[in-house]
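Coordinates as given in query_19.cif (mmCIF, C-alpha atoms and all ligand atoms):
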data_my_file
loop_
_atom_site.label_atom_id
_atom_site.label_comp_id
_atom_site.auth_asym_id
_atom_site.auth_seq_id
_atom_site.Cartn_x
_atom_site.Cartn_y
_atom_site.Cartn_z
CA MET A 10 124.83 81.07 141.28
CA HIS A 11 121.74 81.47 139.11
CA ILE A 12 119.87 84.69 139.71
CA ARG A 13 116.17 84.61 138.82
CA LYS A 14 115.36 87.91 137.15
CA ARG A 15 111.95 89.54 136.64
CA ILE A 16 111.79 90.25 132.93
CA LEU A 17 109.17 92.24 131.02
CA VAL A 18 108.64 91.40 127.34
CA THR A 19 106.40 93.93 125.55
CA GLY A 20 104.83 92.50 122.41
CA GLY A 21 105.41 89.15 124.09
CA ALA A 22 102.44 87.45 122.40
CA GLY A 23 103.80 88.23 118.94
CA PHE A 24 106.08 86.17 116.72
CA LEU A 25 109.50 87.10 118.15
CA GLY A 26 108.12 87.85 121.62
CA SER A 27 106.61 84.40 122.10
CA HIS A 28 109.93 82.71 121.25
CA LEU A 29 111.76 85.10 123.56
CA CYS A 30 109.38 84.45 126.49
CA ARG A 31 109.95 80.71 126.05
CA LYS A 32 113.74 81.09 126.06
CA LEU A 33 113.75 83.34 129.14
CA LEU A 34 111.56 80.84 131.05
CA GLU A 35 113.91 78.02 130.02
CA GLU A 36 116.77 80.05 131.45
CA GLY A 37 114.96 80.17 134.80
CA HIS A 38 113.52 83.69 134.90
CA ASP A 39 110.14 85.19 135.77
CA VAL A 40 108.53 86.52 132.62
CA LEU A 41 105.85 89.20 132.43
CA CYS A 42 104.46 89.12 128.90
CA LEU A 43 102.59 92.26 127.89
CA ASP A 44 100.56 92.66 124.70
CA ASN A 45 97.50 94.43 123.30
CA TYR A 46 96.93 91.56 120.79
CA PHE A 47 96.96 93.86 117.75
CA THR A 48 99.01 91.36 115.72
CA GLY A 49 99.87 88.88 118.45
CA ALA A 50 97.61 86.31 120.08
CA ARG A 51 97.12 84.53 123.39
CA ASP A 52 97.43 81.30 121.39
CA ASN A 53 101.13 82.02 120.78
CA VAL A 54 101.80 81.66 124.51
CA ILE A 55 98.87 79.48 125.57
CA ASP A 56 101.16 76.59 126.50
CA LEU A 57 102.97 78.89 128.97
CA LEU A 58 99.88 79.92 130.95
CA ASP A 59 100.26 77.03 133.42
CA ASN A 60 103.85 77.98 134.20
CA PRO A 61 103.93 79.75 137.60
CA HIS A 62 106.87 81.84 136.43
CA PHE A 63 104.89 83.23 133.47
CA GLU A 64 102.38 86.07 133.64
CA LEU A 65 100.33 87.43 130.73
CA MET A 66 98.98 90.96 130.79
CA ARG A 67 96.78 92.82 128.29
CA HIS A 68 98.15 96.33 128.04
CA ASP A 69 98.92 98.92 125.38
CA VAL A 70 102.43 100.39 125.66
CA THR A 71 101.16 103.82 124.61
CA PHE A 72 99.82 104.03 128.19
CA PRO A 73 102.11 104.19 131.25
CA LEU A 74 102.83 101.01 133.14
CA TYR A 75 103.84 100.55 136.77
CA VAL A 76 105.46 97.19 137.52
CA GLU A 77 108.70 96.13 139.21
CA VAL A 78 111.18 94.47 136.84
CA ASP A 79 114.93 93.95 136.37
CA GLU A 80 115.00 93.85 132.55
CA ILE A 81 112.74 95.07 129.75
CA TYR A 82 112.68 93.80 126.16
CA ASN A 83 110.61 96.35 124.21
CA LEU A 84 109.21 94.45 121.22
CA ALA A 85 105.69 95.91 121.04
CA CYS A 86 105.02 97.15 117.51
CA PRO A 87 103.43 95.58 114.43
CA ALA A 88 106.27 94.52 112.11
CA SER A 89 104.56 93.54 108.87
CA PRO A 90 104.03 96.39 106.37
CA VAL A 91 100.37 95.36 105.88
CA HIS A 92 99.67 95.68 109.61
CA TYR A 93 101.78 98.71 110.45
CA GLN A 94 100.23 100.63 107.53
CA HIS A 95 96.69 99.71 108.63
CA ASP A 96 96.69 102.38 111.37
CA PRO A 97 99.86 104.40 110.76
CA VAL A 98 99.19 106.96 113.49
CA GLN A 99 98.88 104.21 116.08
CA THR A 100 102.10 102.63 114.71
CA THR A 101 104.09 105.80 115.36
CA LYS A 102 102.45 106.19 118.77
CA THR A 103 103.37 102.63 119.65
CA SER A 104 107.03 103.20 118.79
CA VAL A 105 107.37 106.70 120.23
CA HIS A 106 104.97 106.84 123.20
CA GLY A 107 105.74 103.16 123.84
CA ALA A 108 109.47 103.93 124.04
CA ILE A 109 108.86 106.93 126.35
CA ASN A 110 106.70 104.84 128.68
CA MET A 111 109.08 101.89 128.79
CA LEU A 112 112.13 104.14 129.22
CA GLY A 113 110.28 105.89 132.07
CA LEU A 114 109.67 102.50 133.64
CA ALA A 115 113.37 101.61 133.24
CA LYS A 116 114.35 104.93 134.82
CA ARG A 117 112.12 104.42 137.86
CA THR A 118 113.09 100.77 138.41
CA GLY A 119 116.73 100.93 137.30
CA ALA A 120 116.01 98.10 134.85
CA LYS A 121 118.17 97.38 131.80
CA ILE A 122 116.17 98.01 128.64
CA LEU A 123 116.51 96.59 125.13
CA GLN A 124 114.82 98.08 122.07
CA ALA A 125 113.81 95.90 119.12
CA SER A 126 114.83 98.32 116.39
CA THR A 127 115.01 97.38 112.75
CA SER A 128 116.98 97.37 109.51
CA GLU A 129 114.23 99.73 108.30
CA VAL A 130 116.14 102.57 109.99
CA TYR A 131 118.46 102.24 106.95
CA GLY A 132 115.46 102.81 104.61
CA ASP A 133 116.32 102.03 100.97
CA PRO A 134 120.04 101.78 101.69
CA LYS A 135 122.77 103.16 99.45
CA VAL A 136 125.48 101.46 101.53
CA HIS A 137 125.71 97.71 101.09
CA PRO A 138 126.00 95.66 103.27
CA GLN A 139 124.60 97.92 105.99
CA THR A 140 126.90 98.85 108.87
CA GLU A 141 125.68 100.46 112.08
CA GLY A 142 127.57 103.67 111.19
CA TYR A 143 125.33 104.24 108.13
CA TRP A 144 122.63 106.87 108.84
CA GLY A 145 120.23 105.52 106.27
CA HIS A 146 118.18 106.74 103.33
CA VAL A 147 114.63 107.11 104.61
CA ASN A 148 111.56 108.83 103.18
CA PRO A 149 110.04 110.83 106.07
CA ILE A 150 106.57 111.21 104.48
CA GLY A 151 105.91 107.89 102.75
CA GLU A 152 103.72 104.90 103.55
CA ARG A 153 106.52 103.10 105.42
CA SER A 154 107.51 106.21 107.39
CA CYS A 155 105.17 105.55 110.33
CA TYR A 156 107.28 102.48 111.07
CA ASP A 157 110.73 103.68 109.92
CA GLU A 158 110.59 107.11 111.52
CA GLY A 159 108.82 105.78 114.62
CA LYS A 160 111.66 103.30 115.13
CA ARG A 161 114.28 105.96 114.39
CA CYS A 162 112.70 108.29 116.96
CA ALA A 163 112.64 105.42 119.47
CA GLU A 164 116.40 104.98 118.95
CA THR A 165 116.86 108.72 119.55
CA LEU A 166 114.89 108.48 122.79
CA PHE A 167 116.96 105.49 123.95
CA PHE A 168 120.21 107.38 123.40
CA ASP A 169 118.86 110.58 125.02
CA TYR A 170 117.79 108.62 128.13
CA TYR A 171 121.25 107.02 128.09
CA ARG A 172 123.05 110.38 127.91
CA GLN A 173 120.65 112.35 130.10
CA HIS A 174 119.67 109.76 132.72
CA ARG A 175 122.48 107.16 132.42
CA LEU A 176 120.00 104.38 131.64
CA ARG A 177 121.40 100.97 130.77
CA ILE A 178 120.24 100.64 127.15
CA LYS A 179 120.67 98.08 124.36
CA VAL A 180 119.50 98.76 120.81
CA ALA A 181 119.25 95.81 118.38
CA ARG A 182 118.70 96.48 114.67
CA ILE A 183 116.86 93.36 113.61
CA PHE A 184 116.87 92.23 109.96
CA ASN A 185 114.07 90.12 108.40
CA THR A 186 113.38 87.19 110.69
CA TYR A 187 111.12 84.20 110.03
CA GLY A 188 110.09 80.90 111.58
CA PRO A 189 107.31 79.01 113.38
CA ASN A 190 104.64 81.12 115.17
CA MET A 191 104.50 83.70 112.37
CA HIS A 192 100.83 84.38 111.80
CA PRO A 193 99.66 82.73 108.54
CA ASN A 194 98.07 86.06 107.50
CA ASP A 195 100.97 88.13 108.78
CA GLY A 196 101.56 89.48 105.26
CA ARG A 197 105.34 89.22 105.34
CA VAL A 198 107.07 87.49 102.51
CA VAL A 199 108.09 84.15 104.05
CA SER A 200 104.67 83.34 105.53
CA ASN A 201 102.87 84.58 102.39
CA PHE A 202 104.96 82.43 100.05
CA ILE A 203 104.72 79.28 102.19
CA MET A 204 100.95 79.60 102.69
CA GLN A 205 100.44 80.23 98.96
CA ALA A 206 102.70 77.32 97.98
CA LEU A 207 101.00 74.90 100.37
CA ALA A 208 97.61 75.85 98.87
CA ASN A 209 99.00 75.59 95.29
CA LYS A 210 97.91 79.20 94.77
CA PRO A 211 99.92 81.78 92.77
CA ILE A 212 102.98 83.16 94.55
CA THR A 213 102.55 86.96 94.78
CA LEU A 214 105.88 88.48 93.74
CA TYR A 215 105.97 92.25 94.17
CA GLY A 216 107.92 94.00 91.42
CA ASP A 217 110.19 91.79 89.33
CA GLY A 218 111.46 90.00 92.43
CA SER A 219 115.02 91.30 92.03
CA GLN A 220 114.96 93.16 95.37
CA THR A 221 117.00 91.37 98.04
CA ARG A 222 116.53 90.50 101.70
CA SER A 223 118.58 88.57 104.26
CA PHE A 224 116.55 86.09 106.30
CA CYS A 225 117.41 85.09 109.86
CA TYR A 226 115.88 82.07 111.58
CA VAL A 227 114.01 83.03 114.75
CA LYS A 228 116.08 80.88 117.14
CA ASP A 229 119.31 82.55 116.03
CA LEU A 230 117.76 85.98 116.38
CA VAL A 231 116.37 85.39 119.88
CA ASP A 232 119.78 84.02 121.00
CA GLY A 233 121.29 87.29 119.75
CA LEU A 234 118.79 89.43 121.69
CA VAL A 235 119.51 87.58 124.94
CA LYS A 236 123.28 87.82 124.39
CA LEU A 237 122.95 91.55 123.82
CA MET A 238 120.93 92.00 127.01
CA CYS A 239 123.66 90.12 128.96
CA THR A 240 126.48 92.45 127.87
CA GLY A 241 128.11 94.98 130.22
CA ASP A 242 126.80 98.53 130.51
CA ASP A 243 129.39 99.82 128.01
CA VAL A 244 127.67 97.90 125.16
CA THR A 245 124.66 99.95 124.02
CA GLY A 246 124.44 99.18 120.32
CA PRO A 247 122.97 99.94 117.93
CA ILE A 248 124.00 96.51 116.79
CA ASN A 249 122.84 94.63 113.68
CA LEU A 250 121.29 91.20 114.25
CA GLY A 251 120.52 89.24 111.11
CA ASN A 252 121.75 86.58 108.75
CA PRO A 253 124.11 87.98 106.11
CA GLY A 254 123.00 85.42 103.49
CA GLU A 255 121.36 87.58 100.78
CA PHE A 256 118.65 86.32 98.40
CA THR A 257 116.45 87.93 95.79
CA ILE A 258 112.73 87.63 96.51
CA ARG A 259 112.41 85.63 93.30
CA GLN A 260 115.02 83.14 94.56
CA LEU A 261 113.02 82.81 97.78
CA ALA A 262 109.81 82.17 95.81
CA GLU A 263 111.48 79.47 93.70
CA LEU A 264 113.03 77.84 96.75
CA VAL A 265 109.71 77.70 98.61
CA VAL A 266 107.91 76.23 95.57
CA GLU A 267 110.63 73.58 95.18
CA MET A 268 110.77 72.69 98.87
CA THR A 269 106.99 72.36 99.24
CA GLY A 270 106.64 70.40 95.99
CA SER A 271 103.98 72.94 95.02
CA SER A 272 102.39 73.46 91.61
CA SER A 273 102.08 77.22 92.26
CA SER A 274 103.01 79.65 89.49
CA LEU A 275 104.67 83.04 90.03
CA GLU A 276 102.32 86.04 89.80
CA PHE A 277 103.92 89.47 89.43
CA LYS A 278 102.22 92.36 91.30
CA PRO A 279 103.16 96.06 91.55
CA LEU A 280 106.07 96.89 93.83
CA PRO A 281 104.82 98.76 96.93
CA ASN A 282 106.05 102.36 97.37
CA ASP A 283 109.50 102.76 98.94
CA ASP A 284 110.11 99.00 99.02
CA PRO A 285 113.88 98.76 99.74
CA MET A 286 115.88 97.30 96.84
CA GLN A 287 118.53 95.60 98.93
CA ARG A 288 119.25 94.54 102.48
CA LYS A 289 122.13 92.64 104.04
CA PRO A 290 123.56 93.15 107.51
CA ASP A 291 127.23 93.63 108.25
CA ILE A 292 127.41 91.66 111.51
CA SER A 293 131.07 92.31 112.41
CA LEU A 294 130.03 94.22 115.53
CA ALA A 295 127.74 91.42 116.77
CA LYS A 296 130.55 88.91 116.22
CA ASP A 297 133.04 91.07 118.14
CA GLN A 298 130.87 92.32 120.97
CA LEU A 299 128.49 89.38 121.47
CA GLY A 300 130.40 86.44 120.00
CA TRP A 301 127.18 85.91 118.01
CA GLU A 302 126.48 84.80 114.48
CA PRO A 303 123.55 82.91 112.98
CA SER A 304 123.89 79.14 112.61
CA VAL A 305 120.72 78.15 110.70
CA ALA A 306 120.94 78.26 106.89
CA LEU A 307 117.89 79.45 104.95
CA GLN A 308 117.00 75.98 103.65
CA ASP A 309 117.09 74.44 107.11
CA GLY A 310 115.06 77.26 108.61
CA LEU A 311 112.55 77.05 105.78
CA THR A 312 112.17 73.29 106.32
CA MET A 313 111.15 73.91 109.97
CA THR A 314 108.89 76.80 109.02
CA ILE A 315 107.17 74.86 106.22
CA ASP A 316 106.56 71.98 108.66
CA TYR A 317 104.95 74.44 111.07
CA PHE A 318 102.61 75.94 108.45
CA ARG A 319 101.80 72.47 107.07
CA GLY A 320 100.73 71.50 110.60
CA LEU A 321 98.39 74.51 110.73
CA THR A 322 96.82 73.83 107.34
CA THR A 323 96.28 70.10 107.92
CA GLY A 324 95.01 70.77 111.47
P1 LIG B 401 104.56 90.79 115.60
O1 LIG B 401 103.61 91.70 114.90
O2 LIG B 401 104.33 89.32 115.50
O3 LIG B 401 104.65 91.15 117.15
C1 LIG B 401 104.47 92.44 117.66
C2 LIG B 401 103.66 92.32 118.94
O4 LIG B 401 103.47 93.62 119.51
C3 LIG B 401 102.27 91.73 118.70
O5 LIG B 401 102.00 90.71 119.64
C4 LIG B 401 101.34 92.93 118.88
O6 LIG B 401 100.04 92.55 119.30
C5 LIG B 401 102.10 93.73 119.91
N1 LIG B 401 101.75 95.15 119.93
C6 LIG B 401 101.61 95.98 118.86
N2 LIG B 401 101.28 97.21 119.28
C7 LIG B 401 101.24 97.16 120.65
C8 LIG B 401 100.95 98.11 121.65
N3 LIG B 401 100.66 99.39 121.35
N4 LIG B 401 100.98 97.71 122.95
C9 LIG B 401 101.27 96.43 123.27
N5 LIG B 401 101.55 95.48 122.35
C10 LIG B 401 101.53 95.85 121.06
O7 LIG B 401 106.01 91.17 115.05
P2 LIG B 401 107.43 90.52 115.38
O8 LIG B 401 108.00 90.05 114.11
O9 LIG B 401 107.35 89.59 116.52
O10 LIG B 401 108.26 91.82 115.80
C11 LIG B 401 108.57 92.11 117.16
C12 LIG B 401 109.44 93.34 117.22
O11 LIG B 401 110.66 93.14 116.50
C13 LIG B 401 108.77 94.58 116.62
O12 LIG B 401 109.09 95.70 117.42
C14 LIG B 401 109.41 94.70 115.27
O13 LIG B 401 109.45 96.03 114.82
C15 LIG B 401 110.82 94.15 115.54
N6 LIG B 401 111.41 93.62 114.30
C16 LIG B 401 111.01 92.43 113.78
C17 LIG B 401 111.57 91.97 112.60
C18 LIG B 401 111.17 90.65 111.98
O14 LIG B 401 111.60 90.36 110.87
N7 LIG B 401 110.38 89.81 112.64
C19 LIG B 401 112.54 92.73 111.93
C20 LIG B 401 112.89 93.96 112.48
C21 LIG B 401 112.35 94.38 113.68
N1 LIG B 402 106.99 90.59 99.01
C1 LIG B 402 106.54 89.91 97.89
N2 LIG B 402 105.38 89.21 97.99
C2 LIG B 402 104.66 89.13 99.13
C3 LIG B 402 105.13 89.81 100.29
C4 LIG B 402 106.30 90.54 100.18
O1 LIG B 402 107.17 89.94 96.82
O2 LIG B 402 103.60 88.46 99.13
C5 LIG B 402 108.26 91.33 98.92
C6 LIG B 402 108.18 92.78 99.39
O3 LIG B 402 107.79 93.63 98.34
C7 LIG B 402 109.59 93.03 99.85
C8 LIG B 402 110.07 91.66 100.37
O4 LIG B 402 109.17 90.70 99.80
O5 LIG B 402 110.41 93.40 98.76
C9 LIG B 402 110.03 91.54 101.89
O6 LIG B 402 108.75 91.95 102.31
P1 LIG B 402 108.27 91.87 103.82
O7 LIG B 402 106.90 92.48 103.87
O8 LIG B 402 108.42 90.49 104.31
O9 LIG B 402 109.30 92.74 104.65
P2 LIG B 402 110.08 94.12 104.41
O10 LIG B 402 111.50 93.71 104.43
O11 LIG B 402 109.69 94.73 103.09
O12 LIG B 402 109.67 94.96 105.56
#

Re-express the file's structure as structure tokens.
Amino acid sequence: MHIRKRILVTGGAGFLGSHLCRKLLEEGHDVLCLDNYFTGARDNVIDLLDNPHFELMRHDVTFPLYVEVDEIYNLACPASPVHYQHDPVQTTKTSVHGAINMLGLAKRTGAKILQASTSEVYGDPKVHPQTEGYWGHVNPIGERSCYDEGKRCAETLFFDYYRQHRLRIKVARIFNTYGPNMHPNDGRVVSNFIMQALANKPITLYGDGSQTRSFCYVKDLVDGLVKLMCTGDDVTGPINLGNPGEFTIRQLAELVVEMTGSSSSLEFKPLPNDDPMQRKPDISLAKDQLGWEPSVALQDGLTMTIDYFRGLTTG
């Protein structure tokens, strides 16, 4: 028998959150989408506002919240370096105070709670590909630290609430994810390159473009989050969710130019401080514990994402 759950998605009006809200509604649940619209927008969920099972709430997770829910997906936090470095103190508060508030809510209601953690907890990794057992190589005082250390502290809080209060926790370490609904000015690499290519403007390559990333299509990623939430209480994570296909940023730039038929040239810019040189998830644990692996190849995902951005630019 289908059980309709009351599910809270923090950061629900953002890129990943809006896809997650849609999937949870499709699965027949009541969704409470919470967001302060720092990087997200009502427009990302505007088509859901007529759905009686969907509720949108403006709220900042750094303040306590009293609602009754069965499950919490804690996604609230800017994810693009440009945005999380804009107000670094607020970024750390969002991760740390946000985690404390949402864990407090989970404790009071008995809800299961999932944290959207990140591959950034590995920093500039010296172990490749990254396994969950690797403790990372993170600068505690750099420009990325507000995000990296905030997310690491949130993981600590999740595991302390698990040990101290027996909360039902799930921690997902998400690797670079892309797809429709990314904000065109989000500042992350996939949206930047596609928007630049569609406008035939120079593609801004930071450094020499030899640094690598592994790109996961949003549908695959959201499927992984839901599978993780559905596991038994013995599965806590942390668990890597990402696509193990590894590409240099230069390869990505060339692929986007080719696929858009753009006349853009490559423009080399300075590499930002502490920009990780390599990233690729080991997803053995996700395969074993969730029966999950990504199914959308980079070219197919890029085709759908380029179509989305083309639609925005041509109105
Ligand atoms: P996003 O910036 O599109 O979404 C984040 C959402 O959180 C936005 O809607 C924003 O307005 C909201 N938000 C920010 N601060 C808030 C606050 N204090 N209170 C309430 N809402 C707040 O980013 P995204 O890509 O959708 O990322 C979602 C989550 O997944 C983030 O926690 C991010 O760290 C994590 N993550 C994403 C990726 C990725 O590649 N997309 C990779 C690793 C981890
Ligand atoms: N990058 C780039 N040009 C851009 C945006 C990003 O070359 O216009 C590079 C960035 O330096 C990094 C990689 O692309 O090496 C991924 O950047 P993003 O901000 O998407 O995410 P990160 O994985 O660094 O958090």

Within 6 Å of range 155-163 of chain A using all atoms listed in the file, minus same-chain residues under 4 positions, as a count of residues only: 7

Would you list the residues near (115.2, 83.3, 111.7) (no more than 10 Å away, in the coordinates of the file, using only C-alpha atoms) as a ChimeraX atom specification? /A:25,184-189,223-231,251-252,303-307,310-311,314

Within 6 Å of ligand LIG 402 (chain B) (only C-alpha atoms and all ligand atoms), residues as a list of chain:residue names: A:Ser89, A:Pro90, A:Asn185, A:Arg197, A:Val198, A:Asn201, A:Thr213, A:Leu214, A:Tyr215, A:Gln220, A:Ile258, A:Leu280, A:Asp284

Quick one: distance from CA of Gln298 in chain A to CA of Lys135 in chain A in Å, one decimal? 25.4 Å

For ligand LIG 401 (chain B), which residue out of A:Val54, A:Ala88, A:Met66, A:Leu166 is the nearest one, using only C-alpha atoms and all ligand atoms? A:Ala88

Which distance in Å separates CA of Leu17 in chain A and CA of Asp291 in chain A, to one decimal? 29.1 Å

Using the incomplete input, complete range 114-145 of chain A to the level of N, CA and C atoms; output as a short mmCIF file (atom, residue, chain, number, x, y, z; two decimals), in the coordinates of the input.
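Saved the output as part_37.cif:
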data_model
loop_
_atom_site.label_atom_id
_atom_site.label_comp_id
_atom_site.auth_asym_id
_atom_site.auth_seq_id
_atom_site.Cartn_x
_atom_site.Cartn_y
_atom_site.Cartn_z
N LEU A 114 109.71 103.65 132.73
CA LEU A 114 109.67 102.50 133.64
C LEU A 114 111.10 102.05 134.01
N ALA A 115 111.97 102.02 133.00
CA ALA A 115 113.37 101.61 133.24
C ALA A 115 114.06 102.62 134.16
N LYS A 116 113.73 103.88 133.99
CA LYS A 116 114.35 104.93 134.82
C LYS A 116 113.92 104.76 136.27
N ARG A 117 112.64 104.54 136.48
CA ARG A 117 112.12 104.42 137.86
C ARG A 117 112.64 103.16 138.55
N THR A 118 112.72 102.05 137.79
CA THR A 118 113.09 100.77 138.41
C THR A 118 114.59 100.49 138.34
N GLY A 119 115.31 101.23 137.49
CA GLY A 119 116.73 100.93 137.30
C GLY A 119 116.95 99.71 136.42
N ALA A 120 115.90 99.29 135.71
CA ALA A 120 116.01 98.10 134.85
C ALA A 120 116.86 98.38 133.61
N LYS A 121 117.51 97.32 133.11
CA LYS A 121 118.17 97.38 131.80
C LYS A 121 117.07 97.31 130.76
N ILE A 122 117.23 98.01 129.65
CA ILE A 122 116.17 98.01 128.64
C ILE A 122 116.72 97.82 127.23
N LEU A 123 116.09 96.90 126.50
CA LEU A 123 116.51 96.59 125.13
C LEU A 123 115.41 96.99 124.15
N GLN A 124 115.79 97.68 123.10
CA GLN A 124 114.82 98.08 122.07
C GLN A 124 114.97 97.19 120.84
N ALA A 125 113.82 96.63 120.39
CA ALA A 125 113.81 95.90 119.12
C ALA A 125 113.69 96.92 118.01
N SER A 126 114.84 97.41 117.53
CA SER A 126 114.83 98.32 116.39
C SER A 126 114.92 97.47 115.12
N THR A 127 115.20 98.09 114.01
CA THR A 127 115.01 97.38 112.75
C THR A 127 115.96 97.85 111.66
N SER A 128 116.20 96.99 110.70
CA SER A 128 116.98 97.37 109.51
C SER A 128 116.27 98.47 108.72
N GLU A 129 114.96 98.66 108.99
CA GLU A 129 114.23 99.73 108.30
C GLU A 129 114.77 101.12 108.63
N VAL A 130 115.54 101.25 109.72
CA VAL A 130 116.14 102.57 109.99
C VAL A 130 117.13 102.94 108.88
N TYR A 131 117.57 101.95 108.09
CA TYR A 131 118.46 102.24 106.95
C TYR A 131 117.65 102.62 105.70
N GLY A 132 116.31 102.45 105.73
CA GLY A 132 115.46 102.81 104.61
C GLY A 132 115.80 101.98 103.37
N ASP A 133 115.90 102.68 102.23
CA ASP A 133 116.32 102.03 100.97
C ASP A 133 117.83 102.30 100.87
N PRO A 134 118.66 101.40 101.40
CA PRO A 134 120.04 101.78 101.69
C PRO A 134 120.93 101.93 100.46
N LYS A 135 121.78 102.94 100.52
CA LYS A 135 122.77 103.16 99.45
C LYS A 135 124.12 102.59 99.85
N VAL A 136 124.25 102.12 101.08
CA VAL A 136 125.48 101.46 101.53
C VAL A 136 125.16 99.98 101.68
N HIS A 137 126.02 99.13 101.12
CA HIS A 137 125.71 97.71 101.09
C HIS A 137 126.98 96.88 101.34
N PRO A 138 127.00 95.93 102.25
CA PRO A 138 126.00 95.66 103.27
C PRO A 138 125.88 96.81 104.27
N GLN A 139 124.84 96.80 105.08
CA GLN A 139 124.60 97.92 105.99
C GLN A 139 125.41 97.75 107.28
N THR A 140 126.16 98.81 107.60
CA THR A 140 126.90 98.85 108.87
C THR A 140 126.14 99.79 109.81
N GLU A 141 126.41 99.65 111.10
CA GLU A 141 125.68 100.46 112.08
C GLU A 141 126.01 101.94 111.94
N GLY A 142 127.17 102.27 111.34
CA GLY A 142 127.57 103.67 111.19
C GLY A 142 126.79 104.39 110.09
N TYR A 143 126.08 103.63 109.24
CA TYR A 143 125.33 104.24 108.13
C TYR A 143 124.04 104.88 108.67
N TRP A 144 123.78 106.15 108.29
CA TRP A 144 122.63 106.87 108.84
C TRP A 144 121.34 106.60 108.08
N GLY A 145 121.44 105.94 106.95
CA GLY A 145 120.23 105.52 106.27
C GLY A 145 119.74 106.48 105.19
#
